[in-house]
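> Structure supplied as target23.cif; contents: mmCIF, C-alpha atoms and all ligand atoms.
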data_entry
loop_
_atom_site.label_atom_id
_atom_site.label_comp_id
_atom_site.auth_asym_id
_atom_site.auth_seq_id
_atom_site.Cartn_x
_atom_site.Cartn_y
_atom_site.Cartn_z
CA MET A 1 -12.11 -145.64 39.98
CA LYS A 2 -14.01 -142.98 41.83
CA LYS A 3 -16.32 -140.62 40.00
CA ILE A 4 -16.61 -136.98 40.92
CA TYR A 5 -19.58 -135.21 39.41
CA TYR A 6 -19.33 -131.48 38.82
CA ASN A 7 -21.70 -128.75 37.72
CA ASP A 8 -21.28 -125.93 35.23
CA GLY A 9 -18.84 -123.41 36.57
CA VAL A 10 -16.43 -125.78 38.28
CA LEU A 11 -13.00 -124.50 37.38
CA GLU A 12 -10.93 -126.69 35.05
CA PRO A 13 -12.20 -130.22 35.83
CA ASP A 14 -9.46 -131.70 33.62
CA ARG A 15 -6.87 -130.06 35.81
CA ILE A 16 -8.43 -131.59 38.95
CA GLU A 17 -8.31 -135.00 37.27
CA ASP A 18 -4.67 -134.48 36.26
CA LYS A 19 -3.64 -133.46 39.76
CA LEU A 20 -5.35 -136.50 41.27
CA HIS A 21 -3.74 -138.80 38.71
CA ARG A 22 -0.35 -137.37 39.62
CA ILE A 23 -0.75 -138.76 43.14
CA GLY A 24 -2.07 -142.10 41.93
CA MET A 25 -5.75 -141.40 42.46
CA GLU A 26 -7.56 -142.70 39.40
CA THR A 27 -10.54 -140.41 39.53
CA GLU A 28 -12.87 -139.42 36.72
CA LEU A 29 -14.49 -136.00 36.65
CA VAL A 30 -17.86 -136.10 34.89
CA PRO A 31 -20.55 -133.47 34.34
CA ILE A 32 -23.39 -134.19 36.76
CA PRO A 33 -26.20 -135.97 34.84
CA ILE A 34 -29.10 -134.63 36.95
CA ASP A 35 -30.72 -131.19 37.18
CA ILE A 36 -28.48 -129.93 39.95
CA GLU A 37 -29.11 -126.23 39.32
CA THR A 38 -32.82 -126.59 40.13
CA MET A 39 -32.01 -128.72 43.18
CA MET A 40 -29.62 -126.02 44.42
CA ASP A 41 -32.28 -123.36 43.87
CA VAL A 42 -35.04 -125.08 45.81
CA THR A 43 -33.23 -126.92 48.61
CA ASP A 44 -33.93 -125.96 52.22
CA SER A 45 -30.63 -127.11 53.65
CA PHE A 46 -27.12 -127.99 52.60
CA CYS A 47 -27.34 -131.38 54.34
CA ALA A 48 -30.63 -132.19 52.62
CA LEU A 49 -29.12 -131.27 49.28
CA SER A 50 -26.25 -133.69 49.89
CA ALA A 51 -28.66 -136.54 50.64
CA ASP A 52 -31.04 -135.64 47.81
CA VAL A 53 -28.28 -135.44 45.21
CA LEU A 54 -27.03 -138.91 46.11
CA ASP A 55 -30.61 -140.22 45.92
CA GLU A 56 -31.09 -138.67 42.49
CA LEU A 57 -27.83 -140.13 41.22
CA ARG A 58 -28.84 -143.54 42.52
CA LEU A 59 -32.25 -143.26 40.85
CA ALA A 60 -30.56 -142.25 37.61
CA GLY A 61 -28.52 -145.46 37.80
CA GLN A 62 -25.27 -143.55 38.23
CA PRO A 63 -22.42 -144.92 40.31
CA LEU A 64 -22.11 -143.00 43.52
CA GLY A 65 -19.17 -140.72 43.98
CA GLY A 66 -18.30 -137.27 45.12
CA VAL A 67 -20.15 -134.18 43.95
CA LEU A 68 -18.31 -130.90 43.47
CA LEU A 69 -20.39 -127.77 42.99
CA SER A 70 -19.48 -124.23 42.13
CA CYS A 71 -21.90 -121.40 42.73
CA ASP A 72 -22.08 -117.65 42.76
CA PRO A 73 -21.17 -116.03 46.13
CA ASN A 74 -24.69 -114.57 46.19
CA HIS A 75 -26.38 -117.93 45.66
CA ARG A 76 -28.91 -118.85 48.36
CA LEU A 77 -26.96 -122.06 48.95
CA VAL A 78 -24.22 -119.94 50.52
CA SER A 79 -26.65 -118.54 53.10
CA LEU A 80 -27.86 -122.06 53.84
CA VAL A 81 -24.27 -123.15 54.48
CA ALA A 82 -23.77 -120.18 56.80
CA LYS A 83 -26.57 -121.53 59.02
CA ILE A 84 -24.75 -124.78 59.74
CA ALA A 85 -21.12 -123.70 59.26
CA PRO A 86 -20.70 -120.00 59.99
CA HIS A 87 -16.90 -120.33 59.71
CA ALA A 88 -17.16 -121.50 56.08
CA ALA A 89 -15.85 -118.49 54.20
CA TRP A 90 -15.24 -119.81 50.70
CA GLY A 91 -16.55 -123.36 50.57
CA ALA A 92 -18.02 -126.21 52.57
CA SER A 93 -18.49 -129.93 52.45
CA VAL A 94 -20.96 -132.38 53.92
CA GLY A 95 -21.08 -136.08 53.14
CA MET A 96 -20.09 -136.65 49.55
CA LEU A 97 -20.96 -133.10 48.53
CA ALA A 98 -18.59 -130.15 48.43
CA ALA A 99 -19.38 -126.64 47.26
CA TYR A 100 -17.35 -123.50 46.80
CA TRP A 101 -18.22 -119.98 45.78
CA ILE A 102 -14.98 -118.12 45.10
CA PRO A 103 -14.17 -118.27 41.38
CA ASP A 104 -10.73 -118.65 39.80
CA ASN A 105 -8.99 -120.24 42.78
CA HIS A 106 -7.82 -123.70 41.77
CA VAL A 107 -6.18 -124.23 45.14
CA LEU A 108 -9.60 -123.84 46.77
CA VAL A 109 -11.06 -126.27 44.24
CA MET A 110 -8.48 -128.88 45.25
CA HIS A 111 -9.09 -128.20 48.95
CA GLU A 112 -12.81 -128.92 48.49
CA THR A 113 -12.04 -131.95 46.30
CA MET A 114 -9.89 -133.40 49.10
CA HIS A 115 -12.94 -133.27 51.40
CA LEU A 116 -14.64 -135.66 48.97
CA PHE A 117 -11.93 -138.18 49.86
CA GLY A 118 -12.55 -137.80 53.57
CA VAL A 119 -9.72 -135.37 54.27
CA ASP A 120 -10.39 -132.98 57.16
CA ASP A 121 -9.44 -129.35 57.49
CA CYS A 122 -6.09 -128.75 59.18
CA TYR A 123 -6.57 -125.00 59.73
CA GLY A 124 -2.95 -124.78 60.90
CA SER A 125 -3.06 -127.78 63.25
CA CYS A 126 -0.56 -129.74 61.12
CA GLY A 127 2.08 -127.02 61.49
CA PHE A 128 2.75 -126.84 57.74
CA ASP A 129 2.37 -123.32 56.40
CA GLY A 130 1.90 -124.47 52.80
CA CYS A 131 -0.83 -126.99 53.67
CA LEU A 132 -3.71 -127.27 51.21
CA MET A 133 -6.18 -127.83 54.05
CA GLN A 134 -5.60 -124.42 55.62
CA TYR A 135 -8.35 -121.88 56.17
CA VAL A 136 -8.99 -119.70 53.06
CA PRO A 137 -6.30 -121.30 50.85
CA THR A 138 -4.81 -119.11 48.10
CA PRO A 139 -2.18 -119.79 45.43
CA ASN A 140 0.19 -117.58 47.45
CA SER A 141 -0.30 -119.35 50.76
CA VAL A 142 -0.44 -122.95 49.54
CA ALA A 143 2.61 -124.94 48.36
CA PRO A 144 2.64 -126.27 44.78
CA TRP A 145 0.85 -129.55 44.06
CA PRO A 146 1.49 -132.16 45.44
CA GLU A 147 3.85 -130.74 48.10
CA CYS A 148 0.82 -129.00 49.59
CA LEU A 149 -0.46 -132.35 50.87
CA CYS A 150 0.77 -132.43 54.47
CA ALA A 151 1.63 -135.59 56.38
CA ARG A 152 -1.76 -135.55 58.09
CA THR A 153 -3.59 -135.28 54.76
CA LYS A 154 -1.50 -138.07 53.21
CA LYS A 155 -2.27 -140.31 56.17
CA GLN A 156 -5.99 -139.69 55.66
CA LEU A 157 -5.71 -140.40 51.94
CA LYS A 158 -4.02 -143.74 52.63
CA GLY A 159 -7.27 -145.07 54.01
CA VAL A 160 -9.16 -144.09 50.85
CA ARG A 161 -10.19 -146.89 48.55
CA ILE A 162 -10.40 -145.43 45.07
ZN ZN B 1 -12.19 -127.28 54.21
ZN ZN B 2 -2.27 -129.96 56.92
#
I need this file expressed as structure tokens, please.

Amino acid sequence: MKKIYYNDGVLEPDRIEDKLHRIGMETELVPIPIDIETMMDVTDSFCALSADVLDELRLAGQPLGGVLLSCDPNHRLVSLVAKIAPHAAWGASVGMLAAYWIPDNHVLVMHETMHLFGVDDCYGSCGFDGCLMQYVPTPNSVAPWPECLCARTKKQLKGVRI
């Protein structure tokens, strides 16, 4: 059982859990038990935030897992991401941390969640138009769950111990 911690604002955590269960990934979505909003406000880099969050979770005696964060598009975290990943338009991931800043797009939420399982971006390289791991995924461009998981993504998920 893998735990994914999420902050206030993450869209429909129960729906993420349901979608993962549908493909046999027994994952629990839990509200993050540390003061993540302050950490997001004061961090100097996205990479440092990733490391610090895992440290804080460890100190709090929490099992390690993925961390999924939602923030406002104007949040300073977004400008910090732009420094290391200028191509990141709607979300980004480093280590066990993924963040996104476009509200009301559950397809994007699932794209970022997949990064927490070690899945890479396809950005068209897999040749599947409906791929979840495309650049700027939208409900119109991505195939329904779980058909949106391309062969490349499935292969990467096979190596995941959950
Ligand atoms: Zn991505
Ligand atoms: Zn793909």
> Pick out the residues no farther than 12 Å from ligand ZN 1 (chain B), counting all atoms listed in the file, and list them as a PyMOL selection string.
chain A and resi 85+87-94+97-100+107-124+131-137+153
> Which of these, A:Val30, A:Gln62, A:Ile36, A:Val78, has the shortest distance to Tyr6 of chain A once you count only C-alpha atoms?
A:Val30
> Point out the residue among A:Ala143, A:Val42, A:Ala48, A:Val160 with the least atom-to-atom distance to Thr27 of chain A, counting all atoms listed in the file.
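Nearest candidate to Thr27 of chain A out of A:Ala143, A:Val42, A:Ala48, A:Val160: A:Val160.
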> For Asn74 of chain A, which residue out of A:Glu26, A:Glu56, A:Glu12, A:Asp41 is the nearest one, using only C-alpha atoms?
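Nearest candidate to Asn74 of chain A out of A:Glu26, A:Glu56, A:Glu12, A:Asp41: A:Asp41.
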> Tell me which residues come within 12 Å of (-32.9, -129.6, 39.6), as a list in words, counting only C-alpha atoms in the file's coordinates.
Asn7, Ile32, Pro33, Ile34, Asp35, Ile36, Glu37, Thr38, Met39, Met40, Asp41, Val42, Thr43, Leu49, Asp52, Val53, Glu56 and Leu57 of chain A
> Using only C-alpha atoms, which of the listed residues (A:Ile16, A:Ile23, A:Val10, A:Ser79) sits closest to Ile102 of chain A?
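Of A:Ile16, A:Ile23, A:Val10, A:Ser79, the one nearest Ile102 of chain A, counting only C-alpha atoms, is A:Val10.
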> Please measure the separation of atom CA of Pro146 of chain A and atom CA of His21 of chain A, giving the value in Å to one decimal.
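Spanning atom CA of Pro146 of chain A to atom CA of His21 of chain A is a straight-line distance of 10.8 Å.
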> Between atom CA of Arg15 of chain A and atom CA of Cys71 of chain A, measure the distance and give it in Å to one decimal.
18.7 Å
